[in-house]
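Novice: What follows is target34.cif; its format and atoms are mmCIF, C-alpha atoms.
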```
data_my_file
loop_
_atom_site.label_atom_id
_atom_site.label_comp_id
_atom_site.auth_asym_id
_atom_site.auth_seq_id
_atom_site.Cartn_x
_atom_site.Cartn_y
_atom_site.Cartn_z
CA MET A 1354 23.12 76.78 1.56
CA ILE A 1355 21.41 77.59 4.87
CA ARG A 1356 18.16 78.16 3.00
CA PHE A 1357 18.49 74.76 1.31
CA PHE A 1358 18.76 72.90 4.61
CA ARG A 1359 15.84 74.87 6.03
CA ASN A 1360 13.68 73.99 3.00
CA GLY A 1361 14.83 70.34 3.20
CA ARG A 1362 13.32 69.81 6.64
CA PRO A 1363 9.97 68.65 5.25
CA ILE A 1364 11.74 65.98 3.18
CA LEU A 1365 13.49 64.62 6.28
CA VAL A 1366 10.16 64.57 8.12
CA LEU A 1367 8.65 62.71 5.15
CA LEU A 1368 11.32 59.99 5.27
CA VAL A 1369 10.83 59.49 9.00
CA ILE A 1370 7.07 59.16 8.58
CA MET A 1371 7.45 56.64 5.74
CA LEU A 1372 9.84 54.52 7.80
CA MET A 1373 7.36 54.50 10.66
CA SER A 1374 4.47 53.61 8.32
CA PHE A 1375 6.07 50.45 6.90
CA PRO A 1376 6.21 47.34 9.11
CA HIS A 1377 9.68 46.36 10.23
CA SER A 1378 9.25 42.98 8.54
CA ALA A 1379 9.06 44.67 5.14
CA LEU A 1380 12.57 46.10 5.55
CA ALA A 1381 14.04 43.11 7.30
CA LYS A 1382 16.31 40.73 5.47
CA LYS A 1383 14.29 38.10 3.67
CA GLY A 1384 14.72 34.69 5.27
CA PRO A 1385 15.04 31.40 3.46
CA PRO A 1386 11.89 29.94 1.87
CA PRO A 1387 9.99 27.41 3.99
CA LYS A 1388 11.15 23.86 3.61
CA LYS A 1389 9.10 21.66 1.37
CA ALA A 1390 6.92 19.30 3.37
CA GLU A 1391 8.31 15.79 3.42
CA PRO A 1392 6.14 12.73 2.78
CA VAL A 1393 4.89 11.10 5.95
CA HIS A 1394 6.02 7.54 6.42
CA ALA A 1395 4.56 4.78 8.48
CA GLY A 1396 6.02 3.90 11.82
CA LYS A 1397 8.39 1.02 12.44
CA LYS A 1398 7.46 -2.11 10.56
CA THR A 1399 7.82 -5.75 11.40
CA LYS A 1400 8.75 -8.66 9.18
CA ALA A 1401 8.28 -8.26 5.44
CA GLY A 1402 7.29 -4.63 5.95
CA GLU A 1403 4.05 -5.48 7.72
CA PRO A 1404 2.35 -3.35 10.41
CA PRO A 1405 2.84 -3.92 14.14
CA GLN A 1406 1.51 -7.09 15.70
CA PRO A 1407 -1.52 -7.27 18.03
CA SER A 1408 -1.01 -6.24 21.63
CA ALA A 1409 -0.37 -8.50 24.59
CA SER A 1410 -4.05 -8.29 25.53
CA GLN A 1411 -4.76 -10.78 22.75
CA SER A 1412 -2.37 -13.46 24.01
CA THR A 1413 -4.70 -15.52 26.22
CA ALA A 1414 -6.81 -17.04 23.45
CA LYS A 1415 -3.78 -17.28 21.19
CA ASP A 1416 -1.83 -19.33 23.74
CA ALA A 1417 -4.69 -21.82 23.90
CA LEU A 1418 -4.62 -22.26 20.12
CA HIS A 1419 -2.42 -24.90 18.50
CA CYS A 1420 -2.23 -26.28 14.96
CA ASP A 1421 -1.46 -29.87 14.04
CA ALA A 1422 1.14 -28.73 11.52
CA LYS A 1423 4.85 -27.97 11.34
CA ALA A 1424 4.17 -24.26 10.86
CA ALA A 1425 1.16 -21.95 10.77
CA VAL A 1426 0.27 -18.27 10.43
CA LEU A 1427 -3.00 -16.34 10.63
CA MET A 1428 -2.98 -12.85 9.11
CA ASP A 1429 -5.57 -10.14 8.67
CA ALA A 1430 -5.36 -9.60 4.91
CA LEU A 1431 -6.58 -6.00 5.09
CA THR A 1432 -4.06 -4.80 7.68
CA GLY A 1433 -1.22 -7.32 7.44
CA GLN A 1434 -1.33 -7.86 11.20
CA VAL A 1435 -0.36 -11.35 12.34
CA LEU A 1436 -2.92 -12.77 14.74
CA TYR A 1437 -1.35 -16.20 15.29
CA GLU A 1438 1.97 -17.81 14.46
CA GLN A 1439 3.56 -21.18 15.03
CA ASP A 1440 7.16 -21.69 13.85
CA PRO A 1441 6.53 -18.98 11.22
CA GLU A 1442 10.15 -18.86 9.98
CA LEU A 1443 10.65 -22.61 9.55
CA LYS A 1444 11.90 -23.25 6.00
CA ILE A 1445 9.81 -25.96 4.35
CA PRO A 1446 9.70 -27.27 0.74
CA PRO A 1447 6.65 -25.44 -0.66
CA ALA A 1448 5.14 -28.00 -3.05
CA SER A 1449 2.35 -26.35 -5.08
CA PHE A 1450 2.48 -23.18 -2.98
CA VAL A 1451 5.00 -22.18 -5.67
CA LYS A 1452 2.10 -21.86 -8.11
CA VAL A 1453 0.86 -18.72 -6.32
CA MET A 1454 4.07 -16.97 -7.30
CA THR A 1455 3.83 -18.40 -10.82
CA LEU A 1456 0.35 -16.94 -11.29
CA TYR A 1457 1.47 -13.67 -9.68
CA ILE A 1458 4.10 -13.27 -12.43
CA ILE A 1459 1.55 -14.15 -15.12
CA TYR A 1460 -1.01 -11.64 -13.82
CA ASP A 1461 1.72 -8.98 -13.70
CA ALA A 1462 2.55 -9.72 -17.34
CA ILE A 1463 -1.11 -9.45 -18.37
CA ARG A 1464 -1.45 -6.11 -16.61
CA SER A 1465 1.69 -4.74 -18.28
CA GLY A 1466 0.55 -5.91 -21.71
CA GLN A 1467 3.20 -8.59 -22.19
CA LEU A 1468 0.53 -11.27 -22.27
CA LYS A 1469 -3.11 -11.51 -23.24
CA LYS A 1470 -5.51 -14.07 -21.89
CA ASP A 1471 -6.46 -15.20 -25.38
CA ASP A 1472 -2.83 -15.66 -26.54
CA LEU A 1473 -2.14 -19.19 -27.76
CA VAL A 1474 0.68 -21.16 -26.11
CA THR A 1475 2.34 -24.09 -27.89
CA VAL A 1476 2.94 -26.97 -25.47
CA SER A 1477 6.61 -27.96 -25.52
CA GLU A 1478 7.98 -31.43 -24.85
CA ARG A 1479 9.33 -30.26 -21.50
CA ALA A 1480 5.91 -28.98 -20.42
CA TRP A 1481 4.19 -32.13 -21.63
CA LYS A 1482 6.68 -34.41 -19.87
CA ARG A 1483 6.27 -32.46 -16.60
CA GLY A 1484 2.72 -33.75 -16.55
CA TYR A 1485 3.01 -37.19 -18.09
CA LYS A 1486 6.43 -38.36 -16.98
CA THR A 1487 5.91 -37.61 -13.28
CA ASP A 1488 3.41 -38.83 -10.74
CA SER A 1489 2.03 -35.35 -10.14
CA SER A 1490 -0.95 -33.11 -10.70
CA LYS A 1491 -1.54 -32.14 -14.32
CA MET A 1492 -3.90 -30.30 -16.65
CA PHE A 1493 -3.67 -33.03 -19.33
CA ILE A 1494 -2.41 -30.81 -22.16
CA ASN A 1495 -0.96 -32.58 -25.20
CA LEU A 1496 2.44 -32.20 -26.85
CA GLY A 1497 2.33 -29.54 -29.58
CA GLU A 1498 -1.18 -28.44 -28.63
CA ARG A 1499 -1.98 -24.72 -28.70
CA VAL A 1500 -3.73 -23.63 -25.52
CA LYS A 1501 -5.08 -20.24 -24.46
CA VAL A 1502 -3.25 -18.48 -21.64
CA GLU A 1503 -6.53 -18.19 -19.74
CA ASP A 1504 -7.11 -21.96 -19.88
CA LEU A 1505 -3.56 -22.61 -18.65
CA MET A 1506 -4.14 -20.21 -15.75
CA LYS A 1507 -7.27 -22.14 -14.80
CA GLY A 1508 -5.28 -25.35 -15.07
CA VAL A 1509 -2.78 -23.97 -12.56
CA ALA A 1510 -5.23 -22.37 -10.11
CA ILE A 1511 -7.92 -25.08 -10.07
CA ALA A 1512 -6.31 -28.35 -11.21
CA SER A 1513 -2.81 -27.46 -9.94
CA GLY A 1514 -1.34 -28.56 -13.28
CA ASN A 1515 2.46 -28.75 -13.30
CA ASP A 1516 2.43 -29.03 -17.09
CA ALA A 1517 0.44 -25.78 -17.35
CA CYS A 1518 3.01 -23.99 -15.14
CA VAL A 1519 5.91 -24.92 -17.41
CA ALA A 1520 3.95 -23.99 -20.55
CA LEU A 1521 3.20 -20.53 -19.18
CA ALA A 1522 6.74 -20.01 -17.95
CA GLU A 1523 8.30 -20.90 -21.28
CA HIS A 1524 5.83 -18.81 -23.23
CA LEU A 1525 6.48 -15.66 -21.18
CA THR A 1526 10.27 -15.77 -20.80
CA GLY A 1527 11.51 -18.41 -23.28
CA SER A 1528 12.61 -20.90 -20.62
CA GLU A 1529 11.58 -22.07 -17.18
CA GLU A 1530 14.98 -21.03 -15.81
CA ALA A 1531 14.46 -17.43 -16.89
CA PHE A 1532 10.96 -17.48 -15.41
CA VAL A 1533 12.28 -18.76 -12.07
CA SER A 1534 14.72 -15.87 -12.03
CA LYS A 1535 11.75 -13.49 -12.30
CA MET A 1536 10.05 -15.35 -9.45
CA ASN A 1537 13.02 -14.82 -7.15
CA GLU A 1538 13.30 -11.16 -8.14
CA LYS A 1539 9.64 -10.71 -7.28
CA ALA A 1540 10.17 -12.46 -3.95
CA LYS A 1541 12.84 -9.91 -3.02
CA LEU A 1542 10.59 -7.01 -4.01
CA LEU A 1543 7.84 -8.39 -1.77
CA GLY A 1544 10.20 -8.83 1.16
CA LEU A 1545 10.09 -12.64 1.14
CA ASN A 1546 13.52 -12.98 2.70
CA ASN A 1547 13.18 -16.64 3.67
CA SER A 1548 11.97 -18.08 0.37
CA GLN A 1549 13.80 -19.52 -2.61
CA PHE A 1550 12.27 -20.84 -5.83
CA ARG A 1551 13.87 -23.42 -8.15
CA ASN A 1552 11.02 -24.25 -10.53
CA SER A 1553 7.61 -22.97 -11.57
CA ASP A 1554 5.43 -25.80 -10.23
CA GLY A 1555 6.77 -26.81 -6.81
CA LEU A 1556 8.05 -30.32 -7.56
CA PRO A 1557 10.88 -31.32 -5.18
CA ALA A 1558 14.07 -29.39 -5.94
CA GLU A 1559 17.22 -28.86 -3.90
CA GLY A 1560 17.30 -25.47 -2.22
CA GLN A 1561 13.61 -24.70 -2.77
CA TYR A 1562 11.77 -23.54 0.35
CA VAL A 1563 9.33 -21.02 1.83
CA THR A 1564 8.15 -20.17 5.33
CA ALA A 1565 4.60 -19.86 6.61
CA MET A 1566 5.15 -16.15 7.25
CA ASP A 1567 6.45 -15.53 3.73
CA MET A 1568 3.56 -17.52 2.30
CA ALA A 1569 1.01 -15.42 4.18
CA THR A 1570 2.72 -12.24 2.96
CA LEU A 1571 2.82 -13.54 -0.62
CA ALA A 1572 -0.88 -14.47 -0.51
CA ARG A 1573 -1.80 -11.05 0.86
CA ARG A 1574 0.13 -9.13 -1.79
CA TYR A 1575 -1.15 -11.40 -4.56
CA ILE A 1576 -4.79 -10.82 -3.57
CA GLU A 1577 -4.17 -7.11 -3.06
CA ASP A 1578 -2.47 -6.59 -6.44
CA HIS A 1579 -4.68 -8.98 -8.41
CA PRO A 1580 -8.06 -9.37 -6.68
CA GLU A 1581 -9.47 -10.78 -9.92
CA SER A 1582 -7.40 -13.92 -9.29
CA LEU A 1583 -9.92 -15.09 -6.70
CA ALA A 1584 -12.42 -15.67 -9.50
CA LEU A 1585 -10.17 -18.56 -10.59
CA HIS A 1586 -9.09 -19.85 -7.20
CA SER A 1587 -12.67 -20.03 -5.94
CA GLN A 1588 -13.85 -22.35 -8.76
CA THR A 1589 -14.47 -25.87 -7.53
CA GLU A 1590 -13.86 -27.73 -10.79
CA PHE A 1591 -12.19 -27.44 -14.18
CA GLU A 1592 -12.60 -29.49 -17.33
CA TYR A 1593 -10.08 -29.72 -20.17
CA ASN A 1594 -9.70 -32.27 -22.97
CA GLY A 1595 -12.78 -34.04 -21.63
CA ILE A 1596 -11.22 -34.57 -18.20
CA ARG A 1597 -12.94 -32.93 -15.22
CA GLN A 1598 -10.93 -32.22 -12.09
CA GLY A 1599 -12.04 -30.83 -8.74
CA ASN A 1600 -10.30 -28.18 -6.69
CA ARG A 1601 -8.35 -29.80 -3.84
CA ASN A 1602 -9.17 -26.95 -1.46
CA VAL A 1603 -12.13 -28.61 0.27
CA LEU A 1604 -12.96 -25.45 2.25
CA LEU A 1605 -14.42 -24.02 -0.97
CA TYR A 1606 -17.27 -26.51 -0.69
CA LYS A 1607 -18.30 -25.57 2.87
CA ASN A 1608 -20.01 -22.21 2.27
CA ILE A 1609 -18.03 -20.50 5.04
CA GLY A 1610 -16.77 -17.55 3.02
CA VAL A 1611 -13.58 -19.18 1.71
CA ASP A 1612 -12.70 -18.17 -1.86
CA GLY A 1613 -9.09 -19.37 -2.25
CA LEU A 1614 -6.26 -19.98 -2.38
CA LYS A 1615 -3.93 -23.00 -2.89
CA THR A 1616 -3.11 -26.46 -1.65
CA GLY A 1617 0.20 -28.30 -1.85
CA HIS A 1618 1.71 -31.69 -1.12
CA ILE A 1619 4.94 -33.56 -1.57
CA ALA A 1620 6.15 -36.53 0.48
CA GLU A 1621 9.16 -34.55 1.69
CA SER A 1622 7.19 -31.86 3.52
CA GLY A 1623 3.62 -33.10 3.94
CA TYR A 1624 0.30 -31.38 3.23
CA HIS A 1625 -0.05 -27.59 2.94
CA LEU A 1626 -2.96 -25.18 2.58
CA VAL A 1627 -3.14 -21.42 2.29
CA ALA A 1628 -6.79 -20.47 2.68
CA THR A 1629 -8.42 -17.06 2.50
CA GLY A 1630 -11.97 -16.04 3.26
CA LYS A 1631 -14.11 -12.95 3.64
CA ARG A 1632 -16.90 -12.16 6.10
CA ASP A 1633 -18.61 -8.90 7.01
CA GLY A 1634 -15.93 -6.74 5.43
CA GLN A 1635 -13.04 -8.70 6.93
CA ARG A 1636 -10.58 -10.92 5.06
CA MET A 1637 -8.32 -13.47 6.75
CA ILE A 1638 -5.44 -15.56 5.44
CA ALA A 1639 -4.57 -18.86 7.13
CA VAL A 1640 -1.43 -20.84 6.29
CA VAL A 1641 -0.77 -24.37 7.53
CA MET A 1642 2.33 -26.25 6.37
CA GLY A 1643 3.59 -29.75 6.96
CA CYS A 1644 0.44 -31.57 8.06
CA GLU A 1645 1.00 -35.32 8.22
CA LYS A 1646 -2.39 -36.27 6.79
CA PHE A 1647 -4.52 -34.98 3.94
CA LYS A 1648 -7.62 -34.81 6.14
CA THR A 1649 -5.81 -32.57 8.66
CA ARG A 1650 -4.89 -29.48 6.65
CA ALA A 1651 -8.41 -28.20 5.87
CA PRO A 1652 -9.75 -28.41 9.46
CA GLU A 1653 -6.59 -26.78 10.80
CA ALA A 1654 -6.82 -23.91 8.33
CA GLN A 1655 -10.53 -23.51 9.07
CA LYS A 1656 -9.77 -23.40 12.80
CA LEU A 1657 -7.42 -20.47 12.23
CA LEU A 1658 -9.92 -18.62 10.07
CA GLU A 1659 -12.69 -19.05 12.62
CA TYR A 1660 -10.37 -17.82 15.37
CA GLY A 1661 -9.66 -14.70 13.37
CA PHE A 1662 -13.25 -13.92 12.40
CA ARG A 1663 -14.69 -14.62 15.85
CA ASN A 1664 -12.12 -12.78 17.97
CA PHE A 1665 -10.95 -9.79 15.94
CA ALA A 1666 -12.39 -6.73 14.23
CA THR A 1667 -10.88 -4.81 11.33
CA VAL A 1668 -11.41 -1.10 11.95
CA GLU A 1669 -11.15 1.48 9.17
CA ALA A 1670 -9.37 4.32 10.96
CA ILE A 1671 -8.93 6.53 7.88
CA LYS A 1672 -10.36 6.20 4.40
CA LYS A 1673 -8.27 7.32 1.44
CA GLY A 1674 -9.50 10.70 0.26
CA ALA A 1675 -11.19 11.54 3.58
CA ALA A 1676 -11.38 15.31 4.13
CA PHE A 1677 -9.45 17.14 6.86
CA GLY A 1678 -8.90 20.83 7.61
CA PRO A 1679 -9.13 23.29 6.00
CA ILE A 1680 -6.03 25.29 6.97
CA LYS A 1681 -5.25 28.94 6.30
CA VAL A 1682 -3.12 29.94 3.30
CA LYS A 1683 -0.86 32.98 3.39
CA ARG A 1684 0.00 34.99 0.27
CA GLY A 1685 -2.29 32.87 -1.90
CA LYS A 1686 -5.15 33.60 -4.27
CA LEU A 1687 -7.33 31.49 -1.95
CA LYS A 1688 -7.50 32.00 1.80
CA GLU A 1689 -7.62 28.31 2.78
CA VAL A 1690 -6.96 24.82 1.45
CA GLY A 1691 -8.64 21.50 2.18
CA LEU A 1692 -6.69 18.32 2.95
CA LEU A 1693 -7.25 14.73 1.80
CA ALA A 1694 -5.92 11.53 3.38
CA ALA A 1695 -3.22 9.89 1.25
CA GLU A 1696 -4.20 6.27 1.94
CA ASP A 1697 -6.53 3.86 3.68
CA VAL A 1698 -5.58 2.85 7.20
CA ARG A 1699 -7.12 -0.17 8.86
CA VAL A 1700 -6.27 -1.60 12.26
CA THR A 1701 -6.99 -5.04 13.69
CA VAL A 1702 -8.15 -5.10 17.31
CA PRO A 1703 -9.85 -7.61 19.60
CA LYS A 1704 -13.61 -7.46 19.32
CA SER A 1705 -15.21 -4.98 21.74
CA GLN A 1706 -12.12 -2.74 21.48
CA GLU A 1707 -13.05 -1.03 18.22
CA LYS A 1708 -13.43 2.33 19.98
CA SER A 1709 -9.78 2.24 21.07
CA VAL A 1710 -8.77 3.17 17.50
CA SER A 1711 -8.45 6.89 16.83
CA ALA A 1712 -7.17 9.18 14.08
CA THR A 1713 -5.90 12.60 15.16
CA PRO A 1714 -4.90 15.22 12.56
CA GLN A 1715 -1.88 17.41 13.26
CA LEU A 1716 -2.39 20.61 11.30
CA PRO A 1717 -0.15 23.67 11.02
CA GLU A 1718 -1.68 27.09 11.78
CA SER A 1719 -1.11 28.12 8.17
CA VAL A 1720 0.84 27.35 4.99
CA VAL A 1721 2.37 29.69 2.42
CA ALA A 1722 1.44 29.73 -1.27
CA PRO A 1723 2.19 28.52 -3.88
CA ILE A 1724 0.74 25.07 -3.15
CA LYS A 1725 0.56 22.09 -5.49
CA LYS A 1726 -2.33 19.66 -5.47
CA GLY A 1727 -1.18 16.45 -3.74
CA GLN A 1728 1.53 18.22 -1.75
CA VAL A 1729 1.92 16.84 1.78
CA LEU A 1730 0.94 19.67 4.15
CA ALA A 1731 0.15 17.82 7.38
CA LYS A 1732 -0.30 14.38 8.89
CA ALA A 1733 -2.79 12.31 10.86
CA LEU A 1734 -1.75 9.99 13.68
CA VAL A 1735 -3.54 6.65 13.99
CA GLN A 1736 -3.50 5.07 17.44
CA SER A 1737 -4.79 1.80 18.84
CA GLU A 1738 -5.17 1.24 22.57
CA GLY A 1739 -3.13 4.40 23.11
CA LYS A 1740 -0.21 3.17 21.00
CA MET A 1741 0.98 4.71 17.76
CA VAL A 1742 0.12 2.57 14.71
CA LYS A 1743 0.81 4.76 11.70
CA GLU A 1744 1.28 8.29 10.39
CA VAL A 1745 -0.65 9.23 7.26
CA GLY A 1746 0.10 12.16 4.98
CA LEU A 1747 -2.61 14.76 4.43
CA LEU A 1748 -2.44 16.16 0.90
CA ALA A 1749 -3.49 19.50 -0.55
CA ALA A 1750 -6.83 19.10 -2.28
CA THR A 1751 -6.14 21.75 -4.92
CA ASP A 1752 -3.49 23.99 -6.48
CA ILE A 1753 -3.20 27.50 -4.99
CA GLU A 1754 -1.18 30.13 -6.85
CA LYS A 1755 0.74 32.88 -5.13
CA SER A 1756 -1.13 36.20 -4.94
CA LEU A 1757 0.29 39.15 -6.93
CA LEU A 1758 -0.72 41.55 -4.15
CA PRO A 1759 1.67 42.01 -1.20
CA PRO A 1760 0.62 41.01 2.33
CA LEU A 1761 -2.02 43.29 3.89
CA PRO A 1762 0.27 45.06 6.46
CA ILE A 1763 2.72 46.00 3.73
CA LEU A 1764 -0.11 47.09 1.44
CA ILE A 1765 -1.62 49.34 4.15
CA GLY A 1766 1.79 50.77 5.00
CA GLY A 1767 2.43 51.55 1.35
CA ILE A 1768 -0.90 53.31 0.95
CA VAL A 1769 -0.35 55.37 4.10
CA GLY A 1770 3.17 56.24 3.01
CA LEU A 1771 2.06 57.36 -0.42
CA GLY A 1772 -0.68 59.45 1.13
CA VAL A 1773 1.77 61.19 3.46
CA LEU A 1774 4.24 61.70 0.63
CA SER A 1775 1.54 63.29 -1.56
CA PHE A 1776 0.51 65.62 1.25
CA VAL A 1777 4.08 66.72 1.99
CA VAL A 1778 4.90 67.31 -1.67
CA PHE A 1779 1.69 69.31 -2.09
CA TRP A 1780 2.45 71.37 1.03
CA PHE A 1781 6.07 71.96 -0.02
CA PHE A 1782 5.21 73.25 -3.50
CA ARG A 1783 2.35 75.39 -2.26
CA ARG A 1784 4.61 77.01 0.31
CA HIS A 1785 7.27 77.55 -2.35
CA GLN A 1786 4.72 79.26 -4.63
CA ARG A 1787 3.55 81.57 -1.81
CA LYS A 1788 7.12 82.72 -1.19
CA LYS A 1789 7.66 83.24 -4.91
CA TYR A 1790 4.72 85.59 -5.28
CA ALA A 1791 5.11 87.21 -1.89
#
```
Represent the structure from my file as structure tokens, please.
Specialist:
Amino acid sequence: MIRFFRNGRPILVLLVIMLMSFPHSALAKKGPPPKKAEPVHAGKKTKAGEPPQPSASQSTAKDALHCDAKAAVLMDALTGQVLYEQDPELKIPPASFVKVMTLYIIYDAIRSGQLKKDDLVTVSERAWKRGYKTDSSKMFINLGERVKVEDLMKGVAIASGNDACVALAEHLTGSEEAFVSKMNEKAKLLGLNNSQFRNSDGLPAEGQYVTAMDMATLARRYIEDHPESLALHSQTEFEYNGIRQGNRNVLLYKNIGVDGLKTGHIAESGYHLVATGKRDGQRMIAVVMGCEKFKTRAPEAQKLLEYGFRNFATVEAIKKGAAFGPIKVKRGKLKEVGLLAAEDVRVTVPKSQEKSVSATPQLPESVVAPIKKGQVLAKALVQSEGKMVKEVGLLAATDIEKSLLPPLPILIGGIVGLGVLSFVVFWFFRRHQRKKYA
């Protein structure tokens, strides 16, 4: 027994050496896996989910501006920032502003495959009467006539045809009432909390109203989701059944960059215009509602557009897909991973303050494999005039699989331990053989 313990000393020495060779972390209890990175969300939003408003430094020129209308809003279409507002939440009967929502639903249906532009629509008696039995704008479609969807869309966008609105509504959903239900559902999805639709064309109806702020938001989303719609809204005339009609948006004729969007008028609320234009990479949306005279709405909308283009700059702080990083990867088949910005970020600032916009990435020292392409690994902070504007997720540019080899310290410790073990075993058996033949 005594001899056994004496001969076992080398084994005890071996165990001690192996314990010293391995890093303590290899024998420590394994902690929980790192938490999955959460998507980065934008900072606090304002009305209808739009970005923060311009700073107080912009107020001087704004205070001097006034519109001869019941309500008005100027919005940067690329950022959603409101640059001017006048009674923006006043609820006003919308008149033909409703037709923007009508066309929005139709474009959605075309994109989803429910409608095709060359589909033929049979004009019902209700649609025909909406044009001929009321003193209102019309496309001049005939009862029982079969009209292409595309022609009806032109009739709505250019000639502001009430009859065309009803024909499209009935064709898509079976009845105007069902179509109006879709319009109100869409309004909720867009965050139009102060708007209510009762028909598809905007004729006077009890409980039908919008606000200037909601109208600016609707116009922005409509253009953003269906930019091809401006090809219709920018046309200055439309001819159907031998009758030629001009677009009532007179700003289209002035060559000032205006390419939309819609006029409206009923005796109850006055003259409306939502105008949009583009210059030097900027796009503005001006809404004026409740002008007393026809000749007032276009100059007032133009005044807002000029104010926006002349006094503000739209700065691209981050471009979608812009590269950041790379950052180190632990336990992966690749040693590092690149990052890509998840979205475009633009900021509206007063002209001459473009350099106040910055984008600062916040990167971890390292990440642990496996990594999936598109996984949020970091974020970038966008600031304007020293104030936080938005956080943007930075996504993994590629998949990275977990390495089959252990971390380097453990690998080295294992190799050293095996080497020591081999030496001790060799020494032990050689000593045993010497004693045997001694």
Novice: Counting all atoms listed in the file, figure out which residue out of A:Glu1478, A:Glu1498, A:Glu1669, A:Glu1577 gets nearest to Gln1736 (chain A).
Specialist: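 Among the listed residues, the smallest separation from Gln1736 (chain A) belongs to A:Glu1669.
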Novice: Compare A:Ala1540, A:Ala1558, A:Val1700, A:Ala1448 by their minimum atom-to-atom distance to Ala1620 (chain A), counting all atoms listed in the file, and give me the closest one.
Specialist: A:Ala1448
Novice: CA of Asp1429 (chain A) to CA of Leu1658 (chain A): how many Å, to one decimal?
Specialist: 9.6 Å
Novice: Please provide as a list in words all residues within 10 Å of region 1711-1714 of chain A, with the sequence filter that same-chain residues fewer than 3 positions apart are discarded (counting only C-alpha atoms).
Specialist: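 In the requested format, the answer is Val1668, Glu1669, Ala1670, Ile1671, Phe1677, Gly1678, Ala1694, Val1698, Val1700, Glu1707, Lys1708, Pro1717, Ala1731, Lys1732, Ala1733, Leu1734, Val1735, Gln1736, Ser1737, Glu1738, Gly1739, Lys1740, Met1741, Val1742, Lys1743, Glu1744, Val1745, Gly1746 and Leu1747 of chain A.
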Novice: One number please: CA of Cys1644 (chain A) to CA of Lys1423 (chain A), in Å, one decimal.
Specialist: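 One can read the CA of Cys1644 (chain A) to CA of Lys1423 (chain A) distance as 6.6 Å.
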